[in-house]
Amino acid sequence: MMVAALTGVTTALVTGTATAQVVIDVNKGTIEPLPIAITDFAGGELATEISSIVTADLKRSGLFAPIDKAAFIEKIASPDQSPRFDDWKVINAQALVTGRVSKESDGRVRAEYRLWDTFAGQQLSGEQFFANGANTRRVAHIIADAIYERLTGEKGYFDTRIVFIDESGAKNDRKKRLAIMDQDGANARFLSDGRAIVLTPRFSPTRQEITYMSYESGQPRVYLLQLETGQRELVGNFPGMTFAPRFSPDGQRVIMSLMRDDGNSNIYSMDLRSRNTTRLTSSNAIDTSPSYSPDGSKIVFTSDRGGRPHIYVMNADGSGQTRISFGEGSYSTPVWSPRGDLIAFTKQSSGQFQIGVMRTDGSGERILTSGFLQEGPTWAPNGRVIMYLKQAAGTGGPKLYSVDLTGRNEQQVPSPNFASDPAWSPLLD
């Protein structure tokens, strides 16, 4: 279990205010990665490991191009002193990161970093964090988030986790276990034993809690699982089949699709305090995969009421149901961006599965990636990156991939086995 033992002292290491600023304009159509030099932090093996994780995080974002350490001219002896900026300008390092890791008398780890603008010759930011030994990787992710935010103006997403379905065994006898790991694939562990099929885990936006479906009773049932304590509870016993549970933005409700005896599937919301259920759609079709807007006022969902699956938007009380997708093919698994500006979706068209985004009125549809099988998008908490499952033809099973909104930075996310149904956590506290 993650131990809450991280504290930050913000701006405690800042020695000056830069007048010229190194920034990345993330709103441009084409983004050129920023050359950045990240030195090995002073303090031994643990310090080197932390700086390596920072480097990997920033590189994986696609917005930064870490410079090969073999090109470094200056060897940083003390991160407290200003670097020789001319040595870093020669190798075109527009930003420089230095740092130190040390042990406190109480056993805690102290990690500090400084971010420098090499061309302005000034420090941009500096912070220090304290953690117990179990949280050193989190310190690295938090430092990467701080650098990302300072240079892009947007929140980072590195100090987060992914809950997903781990798939192992033969294709016709696959074991599916609920699993969780850091967003970079580290610290993977199982949350269920594989004796029952589990599907569609989703994070609460307010707590370290997930909702998911399990077939352990022979029928799909929705459960809540507290990650900190391991406590689990049944959301409710519903007649028929239950699909695609997801939290409301305030974490107080779960929205889901329920199939009754007539074969129709409609969308319901449940208040987790009172356990009262409200029906939101009443169509003679399959309405499923609901997802709230960040402010909780709208819901996006999929319905085949028009003949094939398309994306619809309605008010949170079920009123104003409006179709917003009109492209060729079938649409599914829509999910609202945390920033509220886009909806990600899966699309099946011309024999291909596609992951795309559109504006909340359905305009501006863009396909980010296409392939043999890919589906189930989930957003990073800053709304800049999407993760999903992808399976190439003949590979035997799905893996997790991520892509940014430009569609140019697609890469595989490591996992212990085959993996599906990813869900991205909010930033950890």
# chains A, B, ... in the order shown; residues from 1 in each chain; ligands from 1

$ closest_atom_pairs --of "region 281-348 of chain A" --to "region 263-277 of chain A" --cutoff "9 Å" --atoms "only C-alpha atoms" --output "Markdown table"
| residue | atom | partner | partner_atom | distance |
| --- | --- | --- | --- | --- |
| A:Thr281 | CA | A:Asn266 | CA | 5.5 |
| A:Ser282 | CA | A:Asn266 | CA | 6.2 |
| A:Ser283 | CA | A:Asn266 | CA | 7.0 |
| A:Asn284 | CA | A:Asn264 | CA | 5.8 |
| A:Ala285 | CA | A:Asn264 | CA | 5.4 |
| A:Ile286 | CA | A:Ser265 | CA | 4.5 |
| A:Asp287 | CA | A:Asn266 | CA | 5.0 |
| A:Thr288 | CA | A:Ile267 | CA | 6.4 |
| A:Ser289 | CA | A:Ile267 | CA | 8.5 |
| A:Pro290 | CA | A:Ile267 | CA | 7.2 |
| A:Phe301 | CA | A:Ile267 | CA | 8.7 |
| A:Gly318 | CA | A:Ile267 | CA | 8.9 |

$ closest_residue --among "A:Pro398, A:Pro422, A:Pro338, A:Gly185" --to "Gly376 (chain A)" --atoms "only C-alpha atoms"
A:Pro422

$ residues_around --residues "region 215-224 of chain A" --least-positions-apart "5" --cutoff "8 Å" --atoms "only C-alpha atoms" --output "list in words"
Arg195, Ala196, Ile197, Val198, Glu209, Ile210, Arg232, Glu233, Leu234, Val235, Gly236, Asn237, Phe238, Met241, Thr242, Phe243 and Pro245 of chain A

$ write_last_selection --atoms "all heavy atoms" --output "compact mmCIF listing (two decimals), in the first residue's frame"
# COMPACT_ATOMS: atom_id res chain seq x y z
N ARG A 195 -9.89 -15.84 -9.73
CA ARG A 195 -10.89 -16.90 -9.70
C ARG A 195 -12.20 -16.49 -10.36
O ARG A 195 -12.99 -17.33 -10.78
CB ARG A 195 -11.15 -17.34 -8.26
CG ARG A 195 -10.01 -18.14 -7.66
CD ARG A 195 -10.32 -18.61 -6.26
NE ARG A 195 -10.38 -17.49 -5.32
CZ ARG A 195 -10.61 -17.63 -4.02
NH1 ARG A 195 -10.83 -18.84 -3.52
NH2 ARG A 195 -10.64 -16.57 -3.24
N ALA A 196 -12.45 -15.19 -10.45
CA ALA A 196 -13.64 -14.68 -11.13
C ALA A 196 -13.21 -13.64 -12.16
O ALA A 196 -12.23 -12.91 -11.95
CB ALA A 196 -14.60 -14.05 -10.13
N ILE A 197 -13.92 -13.57 -13.27
CA ILE A 197 -13.64 -12.57 -14.29
C ILE A 197 -13.97 -11.18 -13.75
O ILE A 197 -15.02 -10.97 -13.14
CB ILE A 197 -14.46 -12.85 -15.56
CG1 ILE A 197 -14.00 -14.17 -16.19
CG2 ILE A 197 -14.31 -11.72 -16.56
CD1 ILE A 197 -14.83 -14.57 -17.39
N VAL A 198 -13.08 -10.24 -13.96
CA VAL A 198 -13.31 -8.85 -13.57
C VAL A 198 -13.15 -7.97 -14.81
O VAL A 198 -12.37 -8.27 -15.70
CB VAL A 198 -12.33 -8.40 -12.46
CG1 VAL A 198 -12.68 -9.03 -11.14
CG2 VAL A 198 -10.89 -8.73 -12.83
N GLU A 209 -10.07 5.02 -4.59
CA GLU A 209 -11.13 4.04 -4.62
C GLU A 209 -11.46 3.72 -6.07
O GLU A 209 -11.38 4.60 -6.93
CB GLU A 209 -12.37 4.61 -3.91
CG GLU A 209 -13.57 3.69 -3.85
CD GLU A 209 -14.74 4.35 -3.13
OE1 GLU A 209 -15.05 5.53 -3.44
OE2 GLU A 209 -15.34 3.70 -2.27
N ILE A 210 -11.80 2.47 -6.34
CA ILE A 210 -12.18 2.11 -7.70
C ILE A 210 -13.52 1.39 -7.68
O ILE A 210 -13.92 0.81 -6.68
CB ILE A 210 -11.13 1.21 -8.38
CG1 ILE A 210 -10.93 -0.10 -7.62
CG2 ILE A 210 -9.81 1.95 -8.55
CD1 ILE A 210 -10.07 -1.10 -8.35
N ARG A 232 -13.84 -3.88 0.54
CA ARG A 232 -14.65 -3.99 -0.66
C ARG A 232 -16.12 -4.06 -0.28
O ARG A 232 -16.48 -4.65 0.75
CB ARG A 232 -14.26 -5.23 -1.45
CG ARG A 232 -14.86 -5.29 -2.85
CD ARG A 232 -14.50 -6.59 -3.53
NE ARG A 232 -15.24 -7.72 -2.99
CZ ARG A 232 -15.57 -8.79 -3.68
NH1 ARG A 232 -15.21 -8.89 -4.94
NH2 ARG A 232 -16.24 -9.79 -3.12
N GLU A 233 -16.98 -3.46 -1.10
CA GLU A 233 -18.41 -3.54 -0.85
C GLU A 233 -19.17 -3.64 -2.17
O GLU A 233 -18.73 -3.11 -3.20
CB GLU A 233 -18.91 -2.35 -0.04
CG GLU A 233 -18.72 -1.00 -0.70
CD GLU A 233 -19.29 0.13 0.14
OE1 GLU A 233 -20.48 0.05 0.52
OE2 GLU A 233 -18.54 1.08 0.42
N LEU A 234 -20.30 -4.32 -2.12
CA LEU A 234 -21.17 -4.45 -3.28
C LEU A 234 -21.99 -3.18 -3.43
O LEU A 234 -22.60 -2.70 -2.47
CB LEU A 234 -22.09 -5.65 -3.09
CG LEU A 234 -23.05 -6.00 -4.23
CD1 LEU A 234 -22.29 -6.46 -5.46
CD2 LEU A 234 -24.02 -7.10 -3.76
N VAL A 235 -22.00 -2.62 -4.63
CA VAL A 235 -22.77 -1.41 -4.86
C VAL A 235 -24.26 -1.69 -4.76
O VAL A 235 -25.03 -0.92 -4.19
CB VAL A 235 -22.42 -0.79 -6.23
CG1 VAL A 235 -23.39 0.34 -6.58
CG2 VAL A 235 -21.00 -0.26 -6.22
N GLY A 236 -24.70 -2.82 -5.32
CA GLY A 236 -26.12 -3.16 -5.25
C GLY A 236 -26.41 -4.41 -6.05
O GLY A 236 -25.65 -4.80 -6.94
N ASN A 237 -27.50 -5.06 -5.72
CA ASN A 237 -27.96 -6.21 -6.47
C ASN A 237 -29.03 -5.76 -7.44
O ASN A 237 -30.14 -5.41 -7.04
CB ASN A 237 -28.53 -7.28 -5.53
CG ASN A 237 -27.43 -8.05 -4.81
OD1 ASN A 237 -26.55 -8.60 -5.45
ND2 ASN A 237 -27.48 -8.07 -3.49
N PHE A 238 -28.68 -5.74 -8.72
CA PHE A 238 -29.61 -5.28 -9.74
C PHE A 238 -30.10 -6.48 -10.55
O PHE A 238 -29.31 -7.35 -10.90
CB PHE A 238 -28.94 -4.28 -10.68
CG PHE A 238 -28.33 -3.10 -9.97
CD1 PHE A 238 -26.96 -3.02 -9.79
CD2 PHE A 238 -29.13 -2.10 -9.49
CE1 PHE A 238 -26.40 -1.94 -9.16
CE2 PHE A 238 -28.57 -1.01 -8.84
CZ PHE A 238 -27.21 -0.93 -8.67
N MET A 241 -28.38 -7.61 -16.20
CA MET A 241 -26.94 -7.42 -16.40
C MET A 241 -26.55 -5.98 -16.11
O MET A 241 -27.30 -5.05 -16.37
CB MET A 241 -26.58 -7.77 -17.84
CG MET A 241 -26.99 -9.17 -18.27
SD MET A 241 -25.89 -10.43 -17.62
CE MET A 241 -24.54 -10.30 -18.77
N THR A 242 -25.34 -5.82 -15.58
CA THR A 242 -24.81 -4.50 -15.25
C THR A 242 -23.55 -4.26 -16.05
O THR A 242 -22.70 -5.14 -16.17
CB THR A 242 -24.47 -4.42 -13.75
OG1 THR A 242 -25.58 -4.91 -12.99
CG2 THR A 242 -24.15 -3.01 -13.33
N PHE A 243 -23.39 -3.05 -16.60
CA PHE A 243 -22.24 -2.76 -17.45
C PHE A 243 -21.65 -1.39 -17.13
O PHE A 243 -22.35 -0.46 -16.76
CB PHE A 243 -22.64 -2.78 -18.94
CG PHE A 243 -23.24 -4.07 -19.40
CD1 PHE A 243 -24.61 -4.19 -19.53
CD2 PHE A 243 -22.45 -5.15 -19.71
CE1 PHE A 243 -25.18 -5.38 -19.97
CE2 PHE A 243 -23.01 -6.35 -20.15
CZ PHE A 243 -24.38 -6.46 -20.28
N PRO A 245 -19.66 0.62 -15.08
CA PRO A 245 -19.85 1.60 -14.00
C PRO A 245 -18.76 2.68 -14.04
O PRO A 245 -17.62 2.42 -14.39
CB PRO A 245 -19.73 0.75 -12.74
CG PRO A 245 -18.83 -0.38 -13.14
CD PRO A 245 -19.18 -0.68 -14.57

$ residues_around --residues "Trp336 (chain A)" --least-positions-apart "4" --cutoff "10 Å" --atoms "only C-alpha atoms" --output "PyMOL selection string"
chain A and resi 290-294+298-301+340-345+357-360+378-379+383

$ closest_atom_pairs --of "region 150-237 of chain A" --to "region 57-64 of chain A" --cutoff "10 Å" --atoms "only C-alpha atoms" --output "Markdown table"
| residue | atom | partner | partner_atom | distance |
| --- | --- | --- | --- | --- |
| A:Leu151 | CA | A:Leu63 | CA | 9.8 |
| A:Thr152 | CA | A:Leu63 | CA | 8.8 |
| A:Gly156 | CA | A:Ser61 | CA | 9.5 |
| A:Tyr157 | CA | A:Asp57 | CA | 9.3 |
| A:Phe158 | CA | A:Asp57 | CA | 6.7 |
| A:Asp159 | CA | A:Asp57 | CA | 9.8 |
| A:Gln183 | CA | A:Asp57 | CA | 9.5 |
| A:Asp184 | CA | A:Asp57 | CA | 7.7 |

$ write_last_selection --atoms "all heavy atoms" --output "mmCIF file, in the first residue's frame"
data_model
loop_
_atom_site.group_PDB
_atom_site.id
_atom_site.type_symbol
_atom_site.label_atom_id
_atom_site.label_comp_id
_atom_site.auth_asym_id
_atom_site.auth_seq_id
_atom_site.Cartn_x
_atom_site.Cartn_y
_atom_site.Cartn_z
ATOM 1 N N LEU A 151 7.434 24.358 -17.259
ATOM 2 C CA LEU A 151 7.844 24.617 -18.638
ATOM 3 C C LEU A 151 6.699 24.574 -19.642
ATOM 4 O O LEU A 151 6.850 25.055 -20.768
ATOM 5 C CB LEU A 151 8.930 23.623 -19.059
ATOM 6 C CG LEU A 151 10.261 23.765 -18.310
ATOM 7 C CD1 LEU A 151 11.250 22.704 -18.769
ATOM 8 C CD2 LEU A 151 10.863 25.159 -18.514
ATOM 9 N N THR A 152 5.551 24.005 -19.271
ATOM 10 C CA THR A 152 4.415 23.949 -20.194
ATOM 11 C C THR A 152 3.237 24.795 -19.739
ATOM 12 O O THR A 152 2.363 25.121 -20.548
ATOM 13 C CB THR A 152 3.918 22.500 -20.373
ATOM 14 O OG1 THR A 152 3.312 22.051 -19.148
ATOM 15 C CG2 THR A 152 5.050 21.566 -20.770
ATOM 16 N N GLY A 156 1.264 18.296 -14.633
ATOM 17 C CA GLY A 156 1.818 17.048 -15.115
ATOM 18 C C GLY A 156 0.888 15.884 -14.813
ATOM 19 O O GLY A 156 -0.211 16.051 -14.284
ATOM 20 N N TYR A 157 1.346 14.673 -15.156
ATOM 21 C CA TYR A 157 0.510 13.482 -14.934
ATOM 22 C C TYR A 157 1.353 12.284 -14.514
ATOM 23 O O TYR A 157 0.884 11.142 -14.577
ATOM 24 C CB TYR A 157 -0.258 13.145 -16.216
ATOM 25 C CG TYR A 157 0.614 12.920 -17.431
ATOM 26 C CD1 TYR A 157 1.091 11.650 -17.760
ATOM 27 C CD2 TYR A 157 0.961 13.984 -18.261
ATOM 28 C CE1 TYR A 157 1.888 11.444 -18.862
ATOM 29 C CE2 TYR A 157 1.767 13.788 -19.364
ATOM 30 C CZ TYR A 157 2.222 12.515 -19.671
ATOM 31 O OH TYR A 157 3.015 12.323 -20.773
ATOM 32 N N PHE A 158 2.569 12.512 -14.065
ATOM 33 C CA PHE A 158 3.478 11.402 -13.788
ATOM 34 C C PHE A 158 3.237 10.755 -12.423
ATOM 35 O O PHE A 158 3.451 9.554 -12.258
ATOM 36 C CB PHE A 158 4.929 11.874 -13.899
ATOM 37 C CG PHE A 158 5.235 12.538 -15.219
ATOM 38 C CD1 PHE A 158 5.664 13.862 -15.276
ATOM 39 C CD2 PHE A 158 5.054 11.847 -16.408
ATOM 40 C CE1 PHE A 158 5.933 14.469 -16.484
ATOM 41 C CE2 PHE A 158 5.318 12.450 -17.629
ATOM 42 C CZ PHE A 158 5.756 13.776 -17.672
ATOM 43 N N ASP A 159 2.795 11.513 -11.433
ATOM 44 C CA ASP A 159 2.525 10.944 -10.111
ATOM 45 C C ASP A 159 1.096 10.406 -10.084
ATOM 46 O O ASP A 159 0.223 10.900 -9.370
ATOM 47 C CB ASP A 159 2.736 11.994 -9.015
ATOM 48 C CG ASP A 159 2.622 11.397 -7.620
ATOM 49 O OD1 ASP A 159 2.944 10.200 -7.459
ATOM 50 O OD2 ASP A 159 2.211 12.120 -6.694
ATOM 51 N N GLN A 183 1.984 4.854 -13.544
ATOM 52 C CA GLN A 183 1.698 5.168 -14.940
ATOM 53 C C GLN A 183 2.817 4.766 -15.897
ATOM 54 O O GLN A 183 2.588 4.618 -17.100
ATOM 55 C CB GLN A 183 1.390 6.670 -15.108
ATOM 56 C CG GLN A 183 2.429 7.626 -14.550
ATOM 57 C CD GLN A 183 3.669 7.809 -15.393
ATOM 58 O OE1 GLN A 183 3.604 7.687 -16.607
ATOM 59 N NE2 GLN A 183 4.800 8.119 -14.780
ATOM 60 N N ASP A 184 4.021 4.541 -15.383
ATOM 61 C CA ASP A 184 5.132 4.117 -16.239
ATOM 62 C C ASP A 184 5.333 2.607 -16.219
ATOM 63 O O ASP A 184 6.310 2.097 -16.764
ATOM 64 C CB ASP A 184 6.426 4.815 -15.831
ATOM 65 C CG ASP A 184 6.833 4.537 -14.384
ATOM 66 O OD1 ASP A 184 6.079 3.854 -13.665
ATOM 67 O OD2 ASP A 184 7.912 5.007 -13.975
#

$ closest_residue --among "A:Gln208, A:Ser337, A:Gln226, A:Ser214" --to "Gly194 (chain A)" --atoms "only C-alpha atoms"
A:Ser214

$ closest_residue --among "A:Thr302, A:Gln374, A:Ser319, A:Gln411" --to "Thr333 (chain A)" --atoms "only C-alpha atoms"
A:Thr302

$ select_by_dssp --residues "region 13-123 of chain A" --states "strand (DSSP E or B)" --output "ChimeraX atom specification"
/A:34-38,42,64-66,95-103,109-117,122-123
